[in-house]
Structures are given as structure tokens and as C-alpha cells.
Amino acid sequence: MAQHGINFLMPILLDGAVLEDLEYIELIFKQQNSENAKIVKQSLWASDDSGDAKTKDGAKNVILVPWTREETYKFQRNGKFYGQARLHYSGTEYQPETPPFEMVMNESLFGPQEEVPYGSD
């Protein structure tokens with residue numbers, strides 16, 4: 001569980017996708033569930049291991065997305081936010097539609113005296 005003042009890794013289960021078939025995955029996170037909403041955080045998993053997100057040891061379809069304390073401050077405390085995985089398959093332009101997934105930014109990630117205004121960069 002993430003705690004105030006530390007960096008953490010968020011596991012993302014890719015149900016129905018096999019990492020071996022993918023070239024890369026773009027992970028985007030937004031405060032609102034809207035196509036036009038501002039992307040607040042982006043992360044990249046790449047088959048050549050060049051991205052910041054990594055495969056969880058021993059897992060075939062779980063990647064770990066790194067978060068910094070500062071990145072958590074960009075989201076509304078105790079508020080919902082949304083992620084989406086954009087899958088890019090090797091050797092093809094095929095990019096399936098993936099539905100957004102909903103999460104909550106836990107208040108324990110924020111220090112009472114150190115809160116940065118929601119949405120600031």
C-alpha cells in the first residue's frame with residue numbers, strides 16, 4: 001500500500017493481452033473520464049525495456065507503473081481518476097480500443113501541510 005511521502009509502483013493487470021505480442025504500451029492517467037481531458041501522467045512499457053514501466057517479475061501480464069510523490073499531488077485527493085492502456089502490437093498498426101479504468105487517489109498520499117493545488121503542474 002502506498003504511504004505518504006514515498007514513491008510507489010502501481011500494478012496494472014492487462015487482462016486478455018500477452019506482453020510478448022506487444023511492442024509497447026502507453027499508459028495515460030487523467031482526472032476526468034473524457035476523451036478531451038488533459039493527460040496528467042503518462043508512462044511507457046516497452047518490449048525492449050526502454051520505458052519507465054516494467055514487467056512484474058514472474059508475471060506474464062502485469063506491469064508496474066512508477067509514481068512519484070509529486071505526481072500524486074497532480075490528482076484530486078480522495079477523488080476518482082482514470083487510466084487507460086494503449087496497446088501497440090509488434091509488426092502491425094493494430095491498436096485495439098481499451099476502456100478506461102477508474103481509480104481513487106488515496107488521501108494517505110498527501111501531507112496535510114504540503115498539498116499542492118489540484119491540477120497544478
# chains A, B, ... in the order shown; residues from 1 in each chain; ligands from 1
$ residues_around --residues "Met103 of chain A" --least-positions-apart "6" --cutoff "9 Å" --atoms "only C-alpha atoms" --output "ChimeraX atom specification"
/A:79-83
$ write_last_selection --atoms "N, CA and C atoms" --output "PDB file, in the first residue's frame"
ATOM      1  N   GLY A  79     -10.212  11.658  -4.682  1.00  0.00           N
ATOM      2  CA  GLY A  79     -11.049  11.754  -5.868  1.00  0.00           C
ATOM      3  C   GLY A  79     -10.756  10.646  -6.855  1.00  0.00           C
ATOM      4  N   LYS A  80     -11.736  10.407  -7.701  1.00  0.00           N
ATOM      5  CA  LYS A  80     -11.565   9.420  -8.757  1.00  0.00           C
ATOM      6  C   LYS A  80     -10.654   9.990  -9.837  1.00  0.00           C
ATOM      7  N   PHE A  81      -9.890   9.104 -10.458  1.00  0.00           N
ATOM      8  CA  PHE A  81      -9.153   9.452 -11.664  1.00  0.00           C
ATOM      9  C   PHE A  81      -9.142   8.227 -12.559  1.00  0.00           C
ATOM     10  N   TYR A  82      -8.701   8.407 -13.784  1.00  0.00           N
ATOM     11  CA  TYR A  82      -8.899   7.375 -14.793  1.00  0.00           C
ATOM     12  C   TYR A  82      -7.605   7.063 -15.524  1.00  0.00           C
ATOM     13  N   GLY A  83      -7.406   5.797 -15.803  1.00  0.00           N
ATOM     14  CA  GLY A  83      -6.251   5.353 -16.566  1.00  0.00           C
ATOM     15  C   GLY A  83      -6.712   4.634 -17.817  1.00  0.00           C
TER      16      GLY A  83
END
$ residues_around --residues "segment 26-29 of chain A" --least-positions-apart "2" --cutoff "12 Å" --atoms "only C-alpha atoms" --output "PyMOL selection string"
chain A and resi 10-12+14+22-24+31-35+37-47+51-54+63-67+71-72+74-75+80-89+95+98-105
$ write_last_selection --atoms "C-alpha atoms" --output "CSV table (one decimal), in the first residue's frame"
chain,number,residue,atom,x,y,z
A,10,MET,CA,1.1,0.7,-9.3
A,11,PRO,CA,0.5,-2.8,-10.7
A,12,ILE,CA,-1.6,-2.9,-13.9
A,14,LEU,CA,-3.5,-6.5,-18.7
A,22,LEU,CA,3.3,-6.2,-27.8
A,23,GLU,CA,5.9,-3.7,-28.9
A,24,TYR,CA,4.9,-1.0,-26.3
A,31,GLN,CA,-8.6,13.4,-13.7
A,32,GLN,CA,-11.8,13.2,-15.8
A,33,ASN,CA,-13.1,10.3,-17.8
A,34,SER,CA,-13.3,12.2,-21.1
A,35,GLU,CA,-11.5,11.8,-24.4
A,37,ALA,CA,-9.5,15.6,-20.7
A,38,LYS,CA,-5.9,16.7,-20.1
A,39,ILE,CA,-3.4,13.9,-19.7
A,40,VAL,CA,-1.9,14.4,-16.2
A,41,LYS,CA,0.6,11.5,-16.2
A,42,GLN,CA,2.0,9.2,-18.9
A,43,SER,CA,4.1,6.1,-18.6
A,44,LEU,CA,5.5,3.7,-21.1
A,45,TRP,CA,6.2,0.0,-21.1
A,46,ALA,CA,8.4,-1.2,-24.0
A,47,SER,CA,9.3,-4.7,-25.0
A,51,GLY,CA,10.2,2.6,-20.9
A,52,ASP,CA,9.7,3.6,-17.3
A,53,ALA,CA,7.1,0.9,-16.6
A,54,LYS,CA,8.4,-2.6,-16.1
A,63,ILE,CA,3.3,-4.2,-15.5
A,64,LEU,CA,4.4,-1.9,-12.7
A,65,VAL,CA,3.9,1.9,-13.3
A,66,PRO,CA,6.2,4.1,-11.2
A,67,TRP,CA,4.7,7.0,-9.4
A,71,GLU,CA,2.9,13.1,-9.4
A,72,THR,CA,0.2,12.1,-6.8
A,74,LYS,CA,-1.5,16.5,-9.5
A,75,PHE,CA,-4.7,14.5,-8.8
A,80,LYS,CA,-11.6,9.4,-8.8
A,81,PHE,CA,-9.2,9.5,-11.7
A,82,TYR,CA,-8.9,7.4,-14.8
A,83,GLY,CA,-6.3,5.4,-16.6
A,84,GLN,CA,-6.1,3.8,-20.0
A,85,ALA,CA,-3.7,1.4,-21.7
A,86,ARG,CA,-3.0,2.0,-25.3
A,87,LEU,CA,-1.6,-1.3,-26.7
A,88,HIS,CA,0.7,-1.3,-29.7
A,89,TYR,CA,1.3,-4.8,-31.2
A,95,GLN,CA,-4.2,-0.7,-31.8
A,98,THR,CA,-9.2,-0.3,-24.4
A,99,PRO,CA,-11.7,1.0,-21.9
A,100,PRO,CA,-10.6,3.5,-19.2
A,101,PHE,CA,-10.3,2.1,-15.7
A,102,GLU,CA,-11.3,4.0,-12.6
A,103,MET,CA,-9.2,4.5,-9.5
A,104,VAL,CA,-9.2,6.7,-6.4
A,105,MET,CA,-6.2,8.8,-5.2
$ atom_distance --atom1 "atom CA of Val62 of chain A" --atom2 "atom CA of Asn7 of chain A"
18.7 Å
$ select_by_dssp --residues "chain A" --states "strand (DSSP E or B)" --output "MDAnalysis selection string"
chainID A and resid 8:13 22:30 39:46 53:55 62:67 80:89 101:104
$ atom_distance --atom1 "atom CA of Pro96 of chain A" --atom2 "atom CA of Gly16 of chain A"
11.5 Å
$ atom_distance --atom1 "atom CA of Glu20 of chain A" --atom2 "atom CA of Ser90 of chain A"
8.9 Å
$ select_by_dssp --residues "chain A" --states "alpha helix (DSSP H)" --output "ChimeraX atom specification"
/A:69-72
$ write_last_selection --atoms "N, CA and C atoms" --output "short mmCIF file (atom, residue, chain, number, x, y, z; two decimals), in the first residue's frame"
data_model
loop_
_atom_site.label_atom_id
_atom_site.label_comp_id
_atom_site.auth_asym_id
_atom_site.auth_seq_id
_atom_site.Cartn_x
_atom_site.Cartn_y
_atom_site.Cartn_z
N ARG A 69 5.94 10.92 -5.52
CA ARG A 69 5.10 11.68 -4.59
C ARG A 69 4.55 12.92 -5.28
N GLU A 70 5.39 13.60 -6.04
CA GLU A 70 4.98 14.82 -6.73
C GLU A 70 3.86 14.56 -7.74
N GLU A 71 3.92 13.40 -8.42
CA GLU A 71 2.88 13.08 -9.39
C GLU A 71 1.52 12.89 -8.72
N THR A 72 1.51 12.34 -7.51
CA THR A 72 0.23 12.13 -6.82
C THR A 72 -0.44 13.46 -6.51
#
